[in-house]
file start05.txt (compact mmCIF, C-alpha atoms)
# COMPACT_ATOMS: atom_id res chain seq x y z
CA THR A 1 -16.30 7.75 -20.54
CA ASN A 2 -14.92 5.24 -18.08
CA LEU A 3 -11.90 6.90 -16.52
CA PHE A 4 -10.92 3.99 -14.32
CA CYS A 5 -10.30 0.29 -14.71
CA PRO A 6 -13.61 -1.60 -14.35
CA LEU A 7 -14.05 -3.98 -11.45
CA PRO A 8 -14.12 -7.65 -12.47
CA GLY A 9 -17.46 -8.86 -11.16
CA SER A 10 -19.56 -7.82 -8.20
CA ILE A 11 -18.03 -8.24 -4.76
CA PHE A 12 -19.52 -7.29 -1.42
CA PHE A 13 -17.22 -6.09 1.33
CA MET A 14 -17.63 -6.00 5.08
CA SER A 15 -16.70 -2.93 7.09
CA HIS A 16 -13.81 -3.34 9.54
CA ASN A 17 -15.81 -3.15 12.75
CA GLY A 18 -14.94 -3.92 16.33
CA PRO A 19 -11.67 -3.63 18.24
CA PHE A 20 -8.32 -4.00 16.50
CA ARG A 21 -4.72 -4.14 17.70
CA CYS A 22 -2.54 -1.17 16.73
CA GLU A 23 1.22 -0.68 16.74
CA CYS A 24 1.27 0.03 20.48
CA GLY A 25 0.09 -3.54 21.16
CA GLN A 26 -3.21 -2.46 22.71
CA LEU A 27 -6.73 -3.13 21.47
CA HIS A 28 -8.74 -0.08 20.40
CA ASP A 29 -12.42 0.18 19.51
CA GLU A 30 -12.03 2.79 16.75
CA TYR A 31 -9.51 3.61 14.08
CA ASP A 32 -7.37 6.64 14.92
CA GLU A 33 -7.44 8.89 11.84
CA SER A 34 -4.54 10.97 13.19
CA ASN A 35 -2.21 8.10 12.17
CA ASP A 36 -3.45 8.13 8.57
CA LEU A 37 -0.79 9.72 6.35
CA PHE A 38 -3.28 10.59 3.61
CA GLN A 39 -3.49 14.10 5.05
CA PHE A 40 0.19 14.57 4.11
CA VAL A 41 0.03 13.02 0.63
CA ASN A 42 0.54 15.30 -2.37
CA ASN A 43 -2.23 13.64 -4.33
CA GLU A 44 -1.70 15.59 -7.54
CA GLY A 45 1.94 14.50 -7.57
CA ILE A 46 1.16 10.76 -7.47
CA THR A 47 2.35 8.97 -10.61
CA CYS A 48 2.56 5.37 -11.74
CA LEU A 49 4.53 3.64 -14.47
CA ASN A 50 2.73 0.96 -16.50
CA GLU A 51 -0.77 1.96 -15.37
CA SER A 52 -3.29 1.02 -18.06
CA ILE A 53 -5.42 4.13 -17.52
CA PRO A 54 -3.47 7.37 -16.91
CA GLY A 55 -4.28 9.05 -13.60
CA SER A 56 -6.04 6.08 -12.01
CA CYS A 57 -3.20 5.84 -9.47
CA LYS A 58 -4.36 9.06 -7.81
CA ARG A 59 -7.60 7.40 -6.68
CA VAL A 60 -6.25 4.35 -4.83
CA VAL A 61 -4.32 6.32 -2.20
CA ARG A 62 -7.05 7.60 0.10
CA PRO A 63 -8.18 7.59 3.77
CA TYR A 64 -8.44 4.22 5.48
CA SER A 65 -12.11 4.86 6.24
CA GLN A 66 -12.74 4.88 2.46
CA ARG A 67 -10.77 1.75 1.65
CA LEU A 68 -13.84 -0.29 0.59
CA ASP A 69 -15.18 2.40 -1.74
CA THR A 70 -15.48 0.66 -5.12
CA VAL A 71 -16.94 3.64 -6.99
CA VAL A 72 -13.51 5.20 -7.65
CA GLY A 73 -12.26 2.15 -9.58
CA GLU A 74 -8.87 0.48 -9.58
CA LEU A 75 -5.25 0.94 -10.51
CA CYS A 76 -4.44 -1.65 -13.18
CA SER A 77 -1.22 -2.55 -14.94
CA ASP A 78 -1.09 -3.31 -18.65
CA GLU A 79 -2.83 -6.60 -19.36
CA ASP A 80 0.37 -8.39 -20.41
CA ASP A 81 2.66 -6.98 -17.71
CA PRO A 82 2.01 -7.26 -13.94
CA GLU A 83 4.58 -4.67 -12.82
CA LEU A 84 3.61 -1.28 -11.38
CA MET A 85 5.85 1.54 -10.14
CA LEU A 86 3.83 3.85 -7.88
CA HIS A 87 5.41 7.12 -6.73
CA ILE A 88 3.80 8.90 -3.75
CA PRO A 89 5.16 12.33 -2.71
CA PHE A 90 4.34 13.97 0.63
CA THR A 91 3.82 17.62 1.53
CA VAL A 92 6.11 17.22 4.56
CA ALA A 93 8.55 14.53 5.60
CA VAL A 94 6.77 11.64 7.29
CA LYS A 95 7.62 8.66 9.47
CA LEU A 96 6.04 5.63 7.82
CA SER A 97 5.17 2.85 10.27
CA SER A 98 3.00 0.55 8.13
CA PHE A 99 0.83 0.24 5.05
CA VAL A 100 -2.19 -1.64 3.72
CA VAL A 101 -2.75 -2.91 0.17
CA LEU A 102 -6.18 -4.03 -1.00
CA GLY A 103 -5.81 -5.87 -4.31
CA GLY A 104 -7.99 -7.27 -7.04
CA VAL A 105 -9.64 -10.68 -7.13
CA GLY A 106 -8.81 -13.80 -9.09
CA GLY A 107 -5.07 -13.67 -8.48
CA ALA A 108 -4.75 -10.08 -9.70
CA ALA A 109 -3.70 -8.74 -6.29
CA PRO A 110 -0.01 -7.82 -5.97
CA ALA A 111 2.15 -10.55 -4.43
CA HIS A 112 5.40 -8.66 -3.80
CA VAL A 113 6.40 -5.02 -3.28
CA ARG A 114 9.76 -3.24 -2.96
CA ALA A 115 9.83 0.18 -1.27
CA PHE A 116 12.24 2.99 -2.15
CA ILE A 117 12.59 6.21 -0.16
CA ASN A 118 13.23 9.68 -1.60
CA ARG A 119 14.05 8.38 -5.08
CA GLU A 120 12.67 10.82 -7.66
CA GLY A 121 12.31 9.63 -11.24
CA LEU A 122 12.88 5.95 -10.47
CA ASP A 123 11.98 3.69 -13.41
CA PHE A 124 11.87 -0.08 -13.88
CA SER A 125 15.43 -0.25 -15.16
CA ASP A 126 16.80 1.69 -12.18
CA ALA A 127 14.71 -0.26 -9.68
CA GLY A 128 15.98 -3.58 -11.03
CA SER A 129 19.53 -2.76 -10.00
CA ALA A 130 18.76 -0.64 -6.92
CA THR A 131 18.54 -1.81 -3.31
CA PRO A 132 15.12 -1.13 -1.75
CA ALA A 133 14.69 0.19 1.76
CA GLN A 134 12.52 -2.85 2.46
CA GLU A 135 10.46 -5.45 0.63
CA TRP A 136 7.48 -7.65 1.50
CA ASP A 137 5.53 -10.62 0.23
CA LEU A 138 1.86 -9.61 0.13
CA ALA A 139 -1.27 -11.64 0.88
CA GLU A 140 -4.48 -11.50 -1.12
CA ASP A 141 -6.38 -9.09 1.13
CA LEU A 142 -9.90 -8.31 -0.10
CA LEU A 143 -10.94 -6.35 3.00
CA GLY A 144 -7.92 -4.10 3.46
CA VAL A 145 -7.33 -5.25 7.04
CA LEU A 146 -3.82 -6.72 6.79
CA GLU A 147 -1.20 -4.23 7.92
CA TYR A 148 2.44 -4.51 6.85
CA PRO A 149 4.88 -2.88 9.31
CA THR A 150 8.06 -1.16 8.20
CA GLN A 151 11.38 -1.28 9.96
CA ARG A 152 10.87 2.20 11.36
CA SER A 153 14.51 3.19 11.59
CA LYS A 154 14.60 3.03 7.78
CA PHE A 155 11.48 5.17 7.27
CA GLN A 156 12.05 8.18 9.54
CA ASN A 157 12.44 10.99 7.00
CA VAL A 158 10.32 10.10 4.00
CA ASN A 159 9.66 12.87 1.48
CA SER A 160 8.48 10.44 -1.17
CA LEU A 161 7.71 6.74 -1.31
CA THR A 162 8.06 4.62 -4.44
CA LEU A 163 6.37 1.21 -4.39
CA HIS A 164 7.53 -1.29 -6.99
CA PHE A 165 4.94 -4.06 -7.33
CA THR A 166 6.87 -6.79 -9.14
CA GLU A 167 4.30 -9.56 -9.54
CA ASN A 168 0.79 -10.68 -8.66
CA HIS A 169 -0.73 -13.92 -7.40
CA GLY A 170 -1.15 -15.45 -10.83
CA GLY A 171 -4.14 -13.79 -12.46
CA SER A 172 -5.74 -15.67 -15.34
CA ALA A 173 -4.33 -17.17 -18.50
CA ASP A 174 -5.91 -14.37 -20.52
CA GLU A 175 -4.86 -11.45 -18.30
CA MET A 176 -1.65 -10.90 -16.36
CA ALA A 177 -2.66 -7.45 -15.09
CA THR A 178 -2.12 -6.47 -11.47
CA ARG A 179 -5.09 -4.70 -9.86
CA ILE A 180 -4.96 -2.50 -6.76
CA ARG A 181 -8.12 -1.06 -5.21
CA TYR A 182 -6.65 0.77 -2.23
CA ILE A 183 -3.34 1.72 -0.62
CA GLY A 184 -3.25 3.12 2.92
CA LEU A 185 -0.26 4.59 4.72
CA LYS A 186 0.11 4.89 8.48
CA GLY A 187 2.57 6.98 10.50
CA ILE A 188 3.12 10.58 11.55
CA GLY A 189 4.02 13.79 9.74
CA THR A 190 6.96 16.03 10.61
CA GLN A 191 8.16 19.44 9.49
CA ASN A 192 11.50 18.09 8.30
CA ARG A 193 11.91 18.04 4.52
CA ARG A 194 15.54 16.92 4.46
CA GLY A 195 17.39 13.62 4.64
CA ILE A 196 17.56 10.44 2.58
CA VAL A 197 17.52 6.87 3.79
CA ASP A 198 18.68 4.09 1.49
CA ALA A 199 19.02 0.67 3.09
CA VAL A 200 17.53 -2.80 2.84
CA TYR A 201 15.73 -4.96 5.35
CA GLU A 202 13.28 -7.82 5.05
CA LEU A 203 10.60 -8.22 7.68
CA ARG A 204 7.58 -10.47 7.71
CA PRO A 205 4.34 -8.86 8.94
CA VAL A 206 3.39 -10.15 12.40
CA PRO A 207 -0.10 -11.53 13.18
CA THR A 208 -1.82 -10.00 16.18
CA SER A 209 -5.57 -10.52 16.36
CA ASN A 210 -8.37 -11.92 14.19
CA ASP A 211 -6.59 -15.24 13.69
CA ALA A 212 -9.26 -16.62 11.39
CA LEU A 213 -8.80 -13.82 8.89
CA TYR A 214 -5.03 -14.12 9.18
CA GLN A 215 -5.10 -17.84 8.40
CA GLU A 216 -7.34 -17.27 5.38
CA ALA A 217 -4.92 -14.70 4.04
CA GLY A 218 -2.07 -17.19 4.13
CA ASN A 219 0.53 -14.56 5.03
CA SER A 220 1.91 -12.84 8.08
CA ALA A 221 0.22 -9.50 8.63
CA GLN A 222 -1.42 -7.63 11.45
CA PRO A 223 -5.08 -6.65 11.13
CA GLY A 224 -6.24 -3.07 11.05
CA MET A 225 -4.70 0.33 10.69

call {"tool": "encode", "arguments": {"input": "start05.txt", "output": "structure tokens"}}
result
Amino acid sequence: TNLFCPLPGSIFFMSHNGPFRCECGQLHDEYDESNDLFQFVNNEGITCLNESIPGSCKRVVRPYSQRLDTVVGELCSDEDDPELMLHIPFTVAVKLSSFVVLGGVGGAAPAHVRAFINREGLDFSDAGSATPAQEWDLAEDLLGVLEYPTQRSKFQNVNSLTLHFTENHGGSADEMATRIRYIGLKGIGTQNRRGIVDAVYELRPVPTSNDALYQEAGNSAQPGM
């Protein structure tokens, strides 16, 4: 039995090797796993509205070092509806500094996301009238190397993160489904489980290094996690 959405076609990925520029503005030779928030994710508590295969959402949130692993499959929306509402709870409150989204091919990658903080039970109806903490336009990133920074003052005490993917890059005439292969979260964990932030801010990701990749992506984002 195929438990996860099949990958459309065979695609070969390159590993993210060499130095990259992190949030501190310096170039580093290796990815610092201590900044990966996966260690604080309550994986069993991850849920997603409008996923075509129940439970597939739990597989796309994983360590950055495993972002190109295609064996686990994808998170897919229903074929006639591109929206996804992904809810990610944490075991402790975290400070979210940035995230990475690796989407599907052929226009199936998400094109826009709205982030809500500490909003349990949020559905599409509620999200449509609610103000997100922040929202971003997303590039088609097949390597998982474009990093979208948050406005950190808005993401200091995050017990849960809800990501509302509203549309994709077009898909095909026969399939409107949004496909997500990987979501990575970067920041630090705290011991504080209290506090709610609810504000809005729009910020374009800022290019740093690897200009060629940035120009191909056609969006503002900073490489690496």

call {"tool": "atom_distance", "arguments": {"input": "start05.txt", "atom1": "CA of Gln66 in chain A", "atom2": "CA of Tyr182 in chain A"}}
result
8.7 Å

call {"tool": "residues_around", "arguments": {"input": "start05.txt", "residues": "Thr47 in chain A", "least_positions_apart": "3", "cutoff": "8 Å", "atoms": "only C-alpha atoms", "output": "CSV table (one decimal) with C-alpha atoms, keeping the file's coordinate frame"}}
result
chain,number,residue,atom,x,y,z
A,55,GLY,CA,-4.3,9.0,-13.6
A,57,CYS,CA,-3.2,5.8,-9.5
A,58,LYS,CA,-4.4,9.1,-7.8
A,86,LEU,CA,3.8,3.8,-7.9
A,87,HIS,CA,5.4,7.1,-6.7
A,88,ILE,CA,3.8,8.9,-3.8

call {"tool": "closest_residue", "arguments": {"input": "start05.txt", "among": "A:Val101, A:Ala109, A:Arg179, A:Glu140", "to": "Glu79 in chain A", "atoms": "all atoms listed in the file"}}
result
A:Arg179

call {"tool": "axis_aligned_box", "arguments": {"input": "start05.txt", "around": "range 147-164 of chain A", "padding_each_side": "8 Å", "output": "JSON"}}
result
{"center_x": 6.7, "center_y": 4.2, "center_z": 2.3, "size_x": 31.8, "size_y": 33.4, "size_z": 34.6}

call {"tool": "atom_distance", "arguments": {"input": "start05.txt", "atom1": "CA of Leu68 in chain A", "atom2": "CA of Thr91 in chain A"}}
result
25.2 Å

call {"tool": "atom_distance", "arguments": {"input": "start05.txt", "atom1": "CA of Val92 in chain A", "atom2": "CA of Asp126 in chain A"}}
result
25.2 Å

call {"tool": "residues_around", "arguments": {"input": "start05.txt", "residues": "range 183-191 of chain A", "least_positions_apart": "6", "cutoff": "8 Å", "atoms": "only C-alpha atoms", "output": "PyMOL selection string"}}
result
chain A and resi 34-38+40+60-64+67+92-102+225

call {"tool": "closest_residue", "arguments": {"input": "start05.txt", "among": "A:Glu120, A:Asp81, A:Glu51, A:Asp69", "to": "Val158 in chain A", "atoms": "only C-alpha atoms"}}
result
A:Glu120

call {"tool": "closest_residue", "arguments": {"input": "start05.txt", "among": "A:Gly45, A:Ile180, A:Pro54, A:Asp137", "to": "Pro149 in chain A", "atoms": "only C-alpha atoms"}}
result
A:Asp137

call {"tool": "closest_residue", "arguments": {"input": "start05.txt", "among": "A:Phe155, A:Phe124, A:Trp136, A:Phe116", "to": "Leu84 in chain A", "atoms": "only C-alpha atoms"}}
result
A:Phe124

call {"tool": "closest_residue", "arguments": {"input": "start05.txt", "among": "A:Leu161, A:Ser77, A:Met176, A:Ser153", "to": "Arg114 in chain A", "atoms": "only C-alpha atoms"}}
result
A:Leu161

call {"tool": "residues_near_point", "arguments": {"input": "start05.txt", "point": "(1.1, -11.3, -2.6)", "cutoff": "8 Å", "atoms": "all atoms listed in the file", "output": "PyMOL selection string"}}
result
chain A and resi 109-112+137-140+167-169

call {"tool": "closest_residue", "arguments": {"input": "start05.txt", "among": "A:Gly103, A:Gly121, A:Glu147, A:Pro132", "to": "Thr70 in chain A", "atoms": "all atoms listed in the file"}}
result
A:Gly103
